[in-house]
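Undergrad: What follows is entry.cif, mmCIF, C-alpha atoms.
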data_structure
loop_
_atom_site.label_atom_id
_atom_site.label_comp_id
_atom_site.auth_asym_id
_atom_site.auth_seq_id
_atom_site.Cartn_x
_atom_site.Cartn_y
_atom_site.Cartn_z
CA MET A 1 -41.11 -23.87 -20.02
CA ALA A 2 -37.51 -24.97 -20.22
CA PRO A 3 -35.87 -21.54 -20.71
CA SER A 4 -37.59 -19.97 -17.70
CA ALA A 5 -36.62 -22.96 -15.54
CA LEU A 6 -33.07 -22.39 -16.73
CA ARG A 7 -33.25 -18.72 -15.85
CA GLU A 8 -34.70 -19.57 -12.46
CA LEU A 9 -31.87 -21.98 -11.75
CA GLN A 10 -29.27 -19.44 -12.85
CA HIS A 11 -30.86 -16.88 -10.60
CA GLU A 12 -30.73 -19.39 -7.72
CA ILE A 13 -27.03 -19.98 -8.37
CA GLU A 14 -26.37 -16.25 -8.31
CA THR A 15 -28.11 -15.90 -4.97
CA GLN A 16 -26.22 -18.81 -3.48
CA ALA A 17 -22.92 -17.52 -4.87
CA ASN A 18 -23.54 -14.12 -3.29
CA LEU A 19 -24.28 -15.76 0.05
CA LEU A 20 -21.11 -17.82 -0.31
CA SER A 21 -18.93 -14.78 -0.95
CA LYS A 22 -20.49 -13.05 2.07
CA LEU A 23 -19.63 -16.10 4.18
CA GLN A 24 -16.07 -16.00 2.88
CA LYS A 25 -15.81 -12.31 3.80
CA ASP A 26 -17.07 -13.11 7.29
CA THR A 27 -14.50 -15.88 7.61
CA THR A 28 -11.69 -13.52 6.61
CA LYS A 29 -12.84 -10.93 9.15
CA ASN A 30 -12.99 -13.66 11.79
CA HIS A 31 -9.37 -14.57 11.03
CA GLN A 32 -8.27 -10.95 11.33
CA VAL A 33 -10.00 -10.43 14.66
CA ARG A 34 -8.60 -13.70 15.89
CA LYS A 35 -5.06 -12.65 14.95
CA GLN A 36 -5.47 -9.36 16.82
CA TYR A 37 -6.78 -11.08 19.93
CA THR A 38 -3.98 -13.63 19.85
CA ILE A 39 -1.40 -10.85 19.72
CA GLN A 40 -3.03 -9.05 22.64
CA LEU A 41 -3.17 -12.28 24.60
CA GLY A 42 0.54 -12.85 24.09
CA GLU A 43 1.36 -9.30 25.17
CA ASN A 44 -0.72 -9.60 28.33
CA GLU A 45 0.91 -12.88 29.24
CA LEU A 46 4.34 -11.24 28.91
CA VAL A 47 3.21 -8.45 31.24
CA LEU A 48 1.91 -11.01 33.73
CA LYS A 49 5.28 -12.75 33.72
CA GLU A 50 7.06 -9.47 34.41
CA LEU A 51 4.68 -8.63 37.23
CA ASP A 52 5.27 -12.05 38.78
CA LEU A 53 8.98 -11.30 38.97
CA LEU A 54 8.40 -8.19 41.05
CA ASN A 55 8.36 -7.97 44.81
CA GLU A 56 5.63 -6.23 46.81
CA ASN A 57 7.00 -2.73 47.02
CA ALA A 58 7.93 -2.22 43.38
CA ASN A 59 6.27 0.76 41.72
CA ILE A 60 3.92 0.00 38.87
CA TYR A 61 2.42 2.65 36.64
CA LYS A 62 -0.41 2.29 34.15
CA LEU A 63 -0.73 4.59 31.16
CA ILE A 64 -4.28 5.97 31.12
CA GLY A 65 -4.51 8.48 28.30
CA PRO A 66 -1.62 10.93 28.79
CA VAL A 67 -1.31 10.12 32.50
CA LEU A 68 0.86 7.59 34.26
CA VAL A 69 -1.14 6.41 37.26
CA ARG A 70 0.42 4.56 40.15
CA GLN A 71 -0.97 1.06 40.75
CA ASP A 72 -0.08 -1.62 43.25
CA LEU A 73 0.99 -5.12 42.36
CA ALA A 74 -2.21 -6.87 43.41
CA GLU A 75 -4.41 -4.54 41.38
CA ALA A 76 -2.21 -4.74 38.29
CA ASN A 77 -2.09 -8.52 38.54
CA ALA A 78 -5.87 -8.72 38.87
CA ASN A 79 -6.36 -6.38 35.88
CA VAL A 80 -4.02 -8.29 33.61
CA ARG A 81 -5.47 -11.65 34.62
CA LYS A 82 -9.00 -10.42 33.99
CA ARG A 83 -7.98 -9.20 30.52
CA ILE A 84 -6.34 -12.53 29.74
CA GLU A 85 -9.54 -14.35 30.78
CA TYR A 86 -11.68 -12.04 28.66
CA ILE A 87 -9.46 -12.42 25.59
CA SER A 88 -9.38 -16.23 25.96
CA ALA A 89 -13.18 -16.32 26.18
CA GLU A 90 -13.45 -14.13 23.07
CA LEU A 91 -11.06 -16.40 21.17
CA LYS A 92 -13.12 -19.45 22.09
CA ARG A 93 -16.29 -17.72 20.95
CA LEU A 94 -14.64 -16.77 17.64
CA ASP A 95 -13.54 -20.38 17.18
CA GLY A 96 -17.13 -21.54 17.49
CA THR A 97 -18.32 -18.88 15.06
CA LEU A 98 -15.60 -19.84 12.58
CA GLN A 99 -16.63 -23.48 12.67
CA GLY A 100 -20.25 -22.53 12.03
CA LEU A 101 -19.21 -20.32 9.11
CA GLU A 102 -17.13 -23.10 7.56
CA GLU A 103 -20.03 -25.54 7.80
CA GLN A 104 -22.34 -23.03 6.14
CA GLN A 105 -19.78 -22.44 3.38
CA HIS A 106 -19.58 -26.17 2.78
CA GLU A 107 -23.38 -26.42 2.57
CA LYS A 108 -23.57 -23.51 0.13
CA ARG A 109 -20.91 -25.04 -2.11
CA GLU A 110 -22.85 -28.30 -2.23
CA ALA A 111 -26.05 -26.45 -3.06
CA ILE A 112 -24.31 -24.57 -5.88
CA LEU A 113 -22.87 -27.81 -7.23
CA LYS A 114 -26.33 -29.45 -7.27
CA LEU A 115 -27.81 -26.44 -9.05
CA GLN A 116 -25.04 -26.53 -11.65
CA GLN A 117 -25.71 -30.20 -12.25
CA LYS A 118 -29.41 -29.45 -12.68
CA ILE A 119 -28.60 -26.76 -15.21
CA GLN A 120 -26.33 -29.09 -17.14
CA ALA A 121 -29.04 -31.80 -17.17
CA LEU A 122 -31.57 -29.25 -18.38
CA GLN A 123 -29.30 -28.02 -21.15
CA ALA A 124 -28.45 -31.59 -22.17
CA GLY A 125 -32.21 -32.35 -22.22
CA LYS A 126 -32.86 -29.30 -24.42
CA SER A 127 -30.13 -30.22 -26.90
CA ASN A 128 -31.45 -33.79 -27.10
CA SER A 129 -35.05 -32.79 -27.75
CA MET B 1 -9.78 -25.88 1.20
CA ALA B 2 -7.27 -26.92 3.84
CA LEU B 3 -4.26 -28.68 2.40
CA VAL B 4 -2.60 -30.99 4.90
CA LYS B 5 1.10 -30.32 4.40
CA GLU B 6 2.61 -33.40 5.96
CA GLY B 7 2.07 -36.57 3.96
CA LEU B 8 1.19 -34.71 0.76
CA ASP B 9 1.83 -36.97 -2.19
CA LEU B 10 3.42 -34.44 -4.51
CA ALA B 11 4.47 -36.99 -7.13
CA GLY B 12 0.93 -38.19 -7.62
CA MET B 13 -0.57 -34.74 -8.23
CA SER B 14 -1.59 -33.15 -11.49
CA VAL B 15 0.11 -30.04 -12.85
CA GLU B 16 -2.75 -27.81 -11.69
CA GLN B 17 -2.70 -29.09 -8.13
CA LEU B 18 1.08 -28.91 -8.00
CA LYS B 19 0.96 -25.29 -9.10
CA LEU B 20 -1.52 -24.51 -6.34
CA VAL B 21 0.64 -26.22 -3.74
CA LYS B 22 3.75 -24.36 -4.89
CA GLU B 23 1.93 -21.01 -4.85
CA GLN B 24 0.61 -21.58 -1.39
CA ALA B 25 4.01 -22.70 -0.09
CA ASP B 26 5.66 -19.65 -1.66
CA MET B 27 3.15 -17.37 -0.01
CA GLU B 28 3.77 -18.97 3.36
CA VAL B 29 7.53 -18.64 2.93
CA GLY B 30 7.03 -14.94 2.16
CA LEU B 31 4.97 -14.44 5.31
CA LEU B 32 7.54 -16.27 7.42
CA GLN B 33 10.38 -14.16 5.99
CA ASP B 34 8.34 -11.07 6.85
CA SER B 35 7.97 -12.21 10.45
CA LEU B 36 11.69 -12.99 10.62
CA SER B 37 12.62 -9.47 9.54
CA LYS B 38 10.17 -7.98 12.07
CA ILE B 39 11.83 -9.98 14.84
CA ARG B 40 15.24 -8.77 13.71
CA THR B 41 14.04 -5.14 13.83
CA ALA B 42 12.63 -5.59 17.32
CA ALA B 43 15.83 -7.23 18.54
CA THR B 44 17.89 -4.35 17.14
CA ARG B 45 15.71 -1.81 18.93
CA LEU B 46 16.16 -3.70 22.20
CA GLU B 47 19.94 -3.74 21.69
CA ILE B 48 19.89 0.02 21.18
CA ALA B 49 17.84 0.41 24.36
CA SER B 50 20.27 -1.78 26.24
CA THR B 51 23.25 0.27 25.02
CA ALA B 52 21.49 3.49 25.96
CA LEU B 53 20.83 2.12 29.43
CA HIS B 54 24.43 1.17 29.86
CA ASP B 55 25.54 4.61 28.73
CA LEU B 56 23.11 6.22 31.16
CA SER B 57 24.49 4.22 34.04
CA LEU B 58 27.94 5.69 33.38
CA ARG B 59 26.74 9.28 33.76
CA PRO B 60 27.03 10.92 37.18
CA GLN B 61 24.01 12.40 38.92
CA GLY B 62 23.56 16.13 38.31
CA LYS B 63 25.18 15.99 34.88
CA LYS B 64 23.91 18.66 32.48
CA MET B 65 21.94 17.27 29.56
CA LEU B 66 19.51 18.28 26.80
CA VAL B 67 16.03 16.76 27.10
CA PRO B 68 13.99 16.28 23.89
CA LEU B 69 10.47 17.68 24.20
CA THR B 70 9.65 17.22 20.53
CA ALA B 71 11.66 16.04 17.54
CA SER B 72 13.13 19.51 17.11
CA LEU B 73 12.93 21.01 20.61
CA TYR B 74 15.40 20.23 23.33
CA VAL B 75 15.57 21.89 26.74
CA PRO B 76 18.52 21.92 29.14
CA GLY B 77 18.18 19.77 32.24
CA THR B 78 20.18 17.89 34.82
CA LEU B 79 20.36 14.13 35.22
CA ASP B 80 18.50 12.93 38.29
CA ASP B 81 19.00 9.57 39.94
CA ALA B 82 20.01 7.31 37.08
CA ASP B 83 19.58 4.20 39.14
CA LYS B 84 15.79 4.10 38.73
CA VAL B 85 14.35 3.44 35.26
CA LEU B 86 10.77 3.07 34.01
CA VAL B 87 10.35 0.02 31.78
CA ASP B 88 7.49 -0.28 29.28
CA VAL B 89 6.37 -3.91 29.62
CA GLY B 90 3.38 -3.67 27.24
CA THR B 91 -0.41 -3.09 27.36
CA GLY B 92 0.16 0.31 28.95
CA TYR B 93 2.02 -0.89 32.02
CA PHE B 94 5.27 0.69 33.17
CA ILE B 95 7.40 -0.77 35.96
CA GLU B 96 9.97 1.10 37.94
CA LYS B 97 13.17 -0.86 38.07
CA THR B 98 16.76 -0.34 39.12
CA MET B 99 19.45 0.06 36.51
CA THR B 100 20.61 -3.57 36.88
CA GLU B 101 17.03 -4.89 36.69
CA GLY B 102 16.46 -2.75 33.60
CA LYS B 103 19.55 -4.13 31.85
CA ASP B 104 18.45 -7.60 32.94
CA TYR B 105 15.01 -6.98 31.39
CA CYS B 106 16.56 -5.94 28.08
CA GLY B 107 18.80 -8.98 28.11
CA ARG B 108 15.87 -11.29 28.83
CA LYS B 109 13.77 -9.83 26.03
CA ILE B 110 16.65 -10.07 23.57
CA ASN B 111 17.14 -13.75 24.45
CA LEU B 112 13.43 -14.42 24.05
CA LEU B 113 13.46 -12.81 20.61
CA LYS B 114 16.58 -14.76 19.63
CA SER B 115 14.97 -18.10 20.50
CA ASN B 116 11.78 -17.13 18.64
CA TYR B 117 13.93 -16.17 15.67
CA ASP B 118 15.75 -19.51 15.66
CA GLN B 119 12.49 -21.46 15.84
CA LEU B 120 11.05 -19.42 12.99
CA VAL B 121 14.16 -19.92 10.86
CA GLU B 122 13.70 -23.68 11.20
CA VAL B 123 10.05 -23.57 10.17
CA ALA B 124 10.81 -21.19 7.31
CA SER B 125 13.59 -23.36 5.88
CA LYS B 126 11.35 -26.44 6.01
CA LYS B 127 8.60 -24.58 4.15
CA LYS B 128 11.13 -23.29 1.62
CA SER B 129 12.43 -26.80 0.89
CA MET B 130 8.82 -27.95 0.39
CA ALA B 131 8.18 -25.09 -2.00
CA ASP B 132 11.38 -25.89 -3.91
CA GLU B 133 10.45 -29.57 -4.12
CA ALA B 134 7.02 -28.69 -5.48
CA GLY B 135 8.66 -26.35 -7.99
CA VAL B 136 11.07 -29.03 -9.22
CA LEU B 137 8.26 -31.58 -9.62
CA LEU B 138 6.16 -29.00 -11.42
CA GLN B 139 8.96 -28.37 -13.93
CA ALA B 140 9.39 -32.11 -14.46
CA LYS B 141 5.65 -32.61 -15.00
CA LEU B 142 5.48 -29.69 -17.42
CA ARG B 143 8.40 -31.05 -19.42
CA GLN B 144 6.73 -34.47 -19.46
CA ALA B 145 3.47 -33.01 -20.70
CA ALA B 146 5.32 -30.93 -23.35
CA SER B 147 7.29 -33.93 -24.61
CA THR B 148 4.26 -36.23 -24.91
CA SER B 149 2.01 -33.65 -26.62
#
Would you mind giving the structure from this file in structure tokens?
TA:
Amino acid sequence: MAPSALRELQHEIETQANLLSKLQKDTTKNHQVRKQYTIQLGENELVLKELDLLNENANIYKLIGPVLVRQDLAEANANVRKRIEYISAELKRLDGTLQGLEEQQHEKREAILKLQQKIQALQAGKSNS
Amino acid sequence: MALVKEGLDLAGMSVEQLKLVKEQADMEVGLLQDSLSKIRTAATRLEIASTALHDLSLRPQGKKMLVPLTASLYVPGTLDDADKVLVDVGTGYFIEKTMTEGKDYCGRKINLLKSNYDQLVEVASKKKSMADEAGVLLQAKLRQAASTS
């Protein structure tokens, strides 16, 4: 029956549209997390540069909670480098996820377009008959 | 929908597309202006820090001073060795430096911010001229459409 096919198609479009908006929300969140990580990466690189300018016996303190704890240059360097590596790996992972999300969005949009075309054909067929 | 900015044929676009381009360019200009003002604020704070450092270096050791414990509570104290300063370099790390190194640090950071600021100003002005161009073309197209209809 033509009307129920129409309703089915409209229902399909709704489902796909919901999935699309969820994908868009995920993409936005991805961007936000990426921005945060990029900022942290920049900050850590600045710290690394400062540490490189120091000589061996300079005093370095790390703020852990309310306490300033003494650290030596080698340890601080290692810590900052490890954080930079971790953040870079996270950014790469996010990049991959983002690409996947964009592809899925593209697919969903195409699917919605096809469904809309089907609906139009169906409605045109109904008005002709 | 990623619009490639360079090589965009503005003259060949419809009114709708032109409006979209102008809106997006305006938004980007706004964001860039925001970043510019944030850099200016940060640079000002660094200048204040640098001045404070300089002032501190002029004070003799053992000078009586009032130390802020909270925003409304100060306690009397004496100035200890003013040649050593703790510098906050970010991500929770503090480095002990001498007075000269500290001033040097402030100077370095201020220069870094200044160069970032200049780069950003360039990008922002380019974006603004693009937005203005799109706006002018939009007006022309609208007038064209109004005169022909």
Undergrad: If we count all atoms listed in the file, which residues of chain B reach to within 12 Å of chain A? Please list them as an mmCIF file with C-alpha atoms, in the frame of the given file.
TA:
data_model
loop_
_atom_site.group_PDB
_atom_site.id
_atom_site.type_symbol
_atom_site.label_atom_id
_atom_site.label_comp_id
_atom_site.auth_asym_id
_atom_site.auth_seq_id
_atom_site.Cartn_x
_atom_site.Cartn_y
_atom_site.Cartn_z
ATOM 1 C CA MET B 1 -9.780 -25.880 1.200
ATOM 2 C CA ALA B 2 -7.270 -26.920 3.840
ATOM 3 C CA LYS B 84 15.790 4.100 38.730
ATOM 4 C CA VAL B 85 14.350 3.440 35.260
ATOM 5 C CA LEU B 86 10.770 3.070 34.010
ATOM 6 C CA VAL B 87 10.350 0.020 31.780
ATOM 7 C CA ASP B 88 7.490 -0.280 29.280
ATOM 8 C CA VAL B 89 6.370 -3.910 29.620
ATOM 9 C CA GLY B 90 3.380 -3.670 27.240
ATOM 10 C CA THR B 91 -0.410 -3.090 27.360
ATOM 11 C CA GLY B 92 0.160 0.310 28.950
ATOM 12 C CA TYR B 93 2.020 -0.890 32.020
ATOM 13 C CA PHE B 94 5.270 0.690 33.170
ATOM 14 C CA ILE B 95 7.400 -0.770 35.960
ATOM 15 C CA GLU B 96 9.970 1.100 37.940
ATOM 16 C CA LYS B 97 13.170 -0.860 38.070
ATOM 17 C CA THR B 98 16.760 -0.340 39.120
ATOM 18 C CA GLU B 101 17.030 -4.890 36.690
ATOM 19 C CA GLY B 102 16.460 -2.750 33.600
ATOM 20 C CA ASP B 104 18.450 -7.600 32.940
ATOM 21 C CA TYR B 105 15.010 -6.980 31.390
ATOM 22 C CA CYS B 106 16.560 -5.940 28.080
ATOM 23 C CA ARG B 108 15.870 -11.290 28.830
ATOM 24 C CA LYS B 109 13.770 -9.830 26.030
ATOM 25 C CA LEU B 112 13.430 -14.420 24.050
#
Undergrad: Check what the PyMOL selection byres ((chain B and resi 11-26) around 7) selects in the file above and give those residues as a CSV table (one decimal) with C-alpha atoms, keeping the file's coordinate frame.
TA:
chain,number,residue,atom,x,y,z
B,9,ASP,CA,1.8,-37.0,-2.2
B,10,LEU,CA,3.4,-34.4,-4.5
B,27,MET,CA,3.2,-17.4,0.0
B,28,GLU,CA,3.8,-19.0,3.4
B,29,VAL,CA,7.5,-18.6,2.9
B,30,GLY,CA,7.0,-14.9,2.2
B,127,LYS,CA,8.6,-24.6,4.2
B,131,ALA,CA,8.2,-25.1,-2.0
B,134,ALA,CA,7.0,-28.7,-5.5
B,135,GLY,CA,8.7,-26.4,-8.0
B,138,LEU,CA,6.2,-29.0,-11.4
B,141,LYS,CA,5.6,-32.6,-15.0
Undergrad: Apply the PyMOL selection byres ((chain A and resi 98) around 12) to the structure shown and report the selected residues as a PyMOL selection string.
TA: chain A and resi 23-34+91-97+99-105
Undergrad: Would you write out those residues with C-alpha atoms, as a compact mmCIF listing (two decimals), keeping the file's coordinate frame?
TA:
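selection_12.txt was written with the following content:
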# COMPACT_ATOMS: atom_id res chain seq x y z
CA LEU A 23 -19.63 -16.10 4.18
CA GLN A 24 -16.07 -16.00 2.88
CA LYS A 25 -15.81 -12.31 3.80
CA ASP A 26 -17.07 -13.11 7.29
CA THR A 27 -14.50 -15.88 7.61
CA THR A 28 -11.69 -13.52 6.61
CA LYS A 29 -12.84 -10.93 9.15
CA ASN A 30 -12.99 -13.66 11.79
CA HIS A 31 -9.37 -14.57 11.03
CA GLN A 32 -8.27 -10.95 11.33
CA VAL A 33 -10.00 -10.43 14.66
CA ARG A 34 -8.60 -13.70 15.89
CA LEU A 91 -11.06 -16.40 21.17
CA LYS A 92 -13.12 -19.45 22.09
CA ARG A 93 -16.29 -17.72 20.95
CA LEU A 94 -14.64 -16.77 17.64
CA ASP A 95 -13.54 -20.38 17.18
CA GLY A 96 -17.13 -21.54 17.49
CA THR A 97 -18.32 -18.88 15.06
CA GLN A 99 -16.63 -23.48 12.67
CA GLY A 100 -20.25 -22.53 12.03
CA LEU A 101 -19.21 -20.32 9.11
CA GLU A 102 -17.13 -23.10 7.56
CA GLU A 103 -20.03 -25.54 7.80
CA GLN A 104 -22.34 -23.03 6.14
CA GLN A 105 -19.78 -22.44 3.38
Undergrad: The PyMOL selection byres ((chain A and resi 17) around 12) - which residues does that actually catch in the file I just gave you? List them as number ranges by chain.
TA: A: 10-16, 18-24, 105, 107-113, 115-116
Undergrad: Atom CA of Glu47 of chain B to atom CA of Lys103 of chain B: how many Å, to one decimal?
TA: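 Separating atom CA of Glu47 of chain B from atom CA of Lys103 of chain B is a distance of 10.2 Å.
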Undergrad: Measure the distance from atom CA of Ile48 of chain B to atom CA of Asp34 of chain B in Å and round it to one decimal.
TA: 21.5 Å
Undergrad: Report, in Å with one decimal, the straight-line distance from atom CA of Met99 of chain B to atom CA of Leu53 of chain A.
TA: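 For atom CA of Met99 of chain B relative to atom CA of Leu53 of chain A, the distance reads 15.6 Å.
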Undergrad: From the set B:Met130, B:Ala52, B:Leu120, B:Ala71, which residue has the shortest atom-to-atom contact distance to Arg40 of chain B, counting all atoms listed in the file?
TA: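 Nearest to Arg40 of chain B: B:Leu120.
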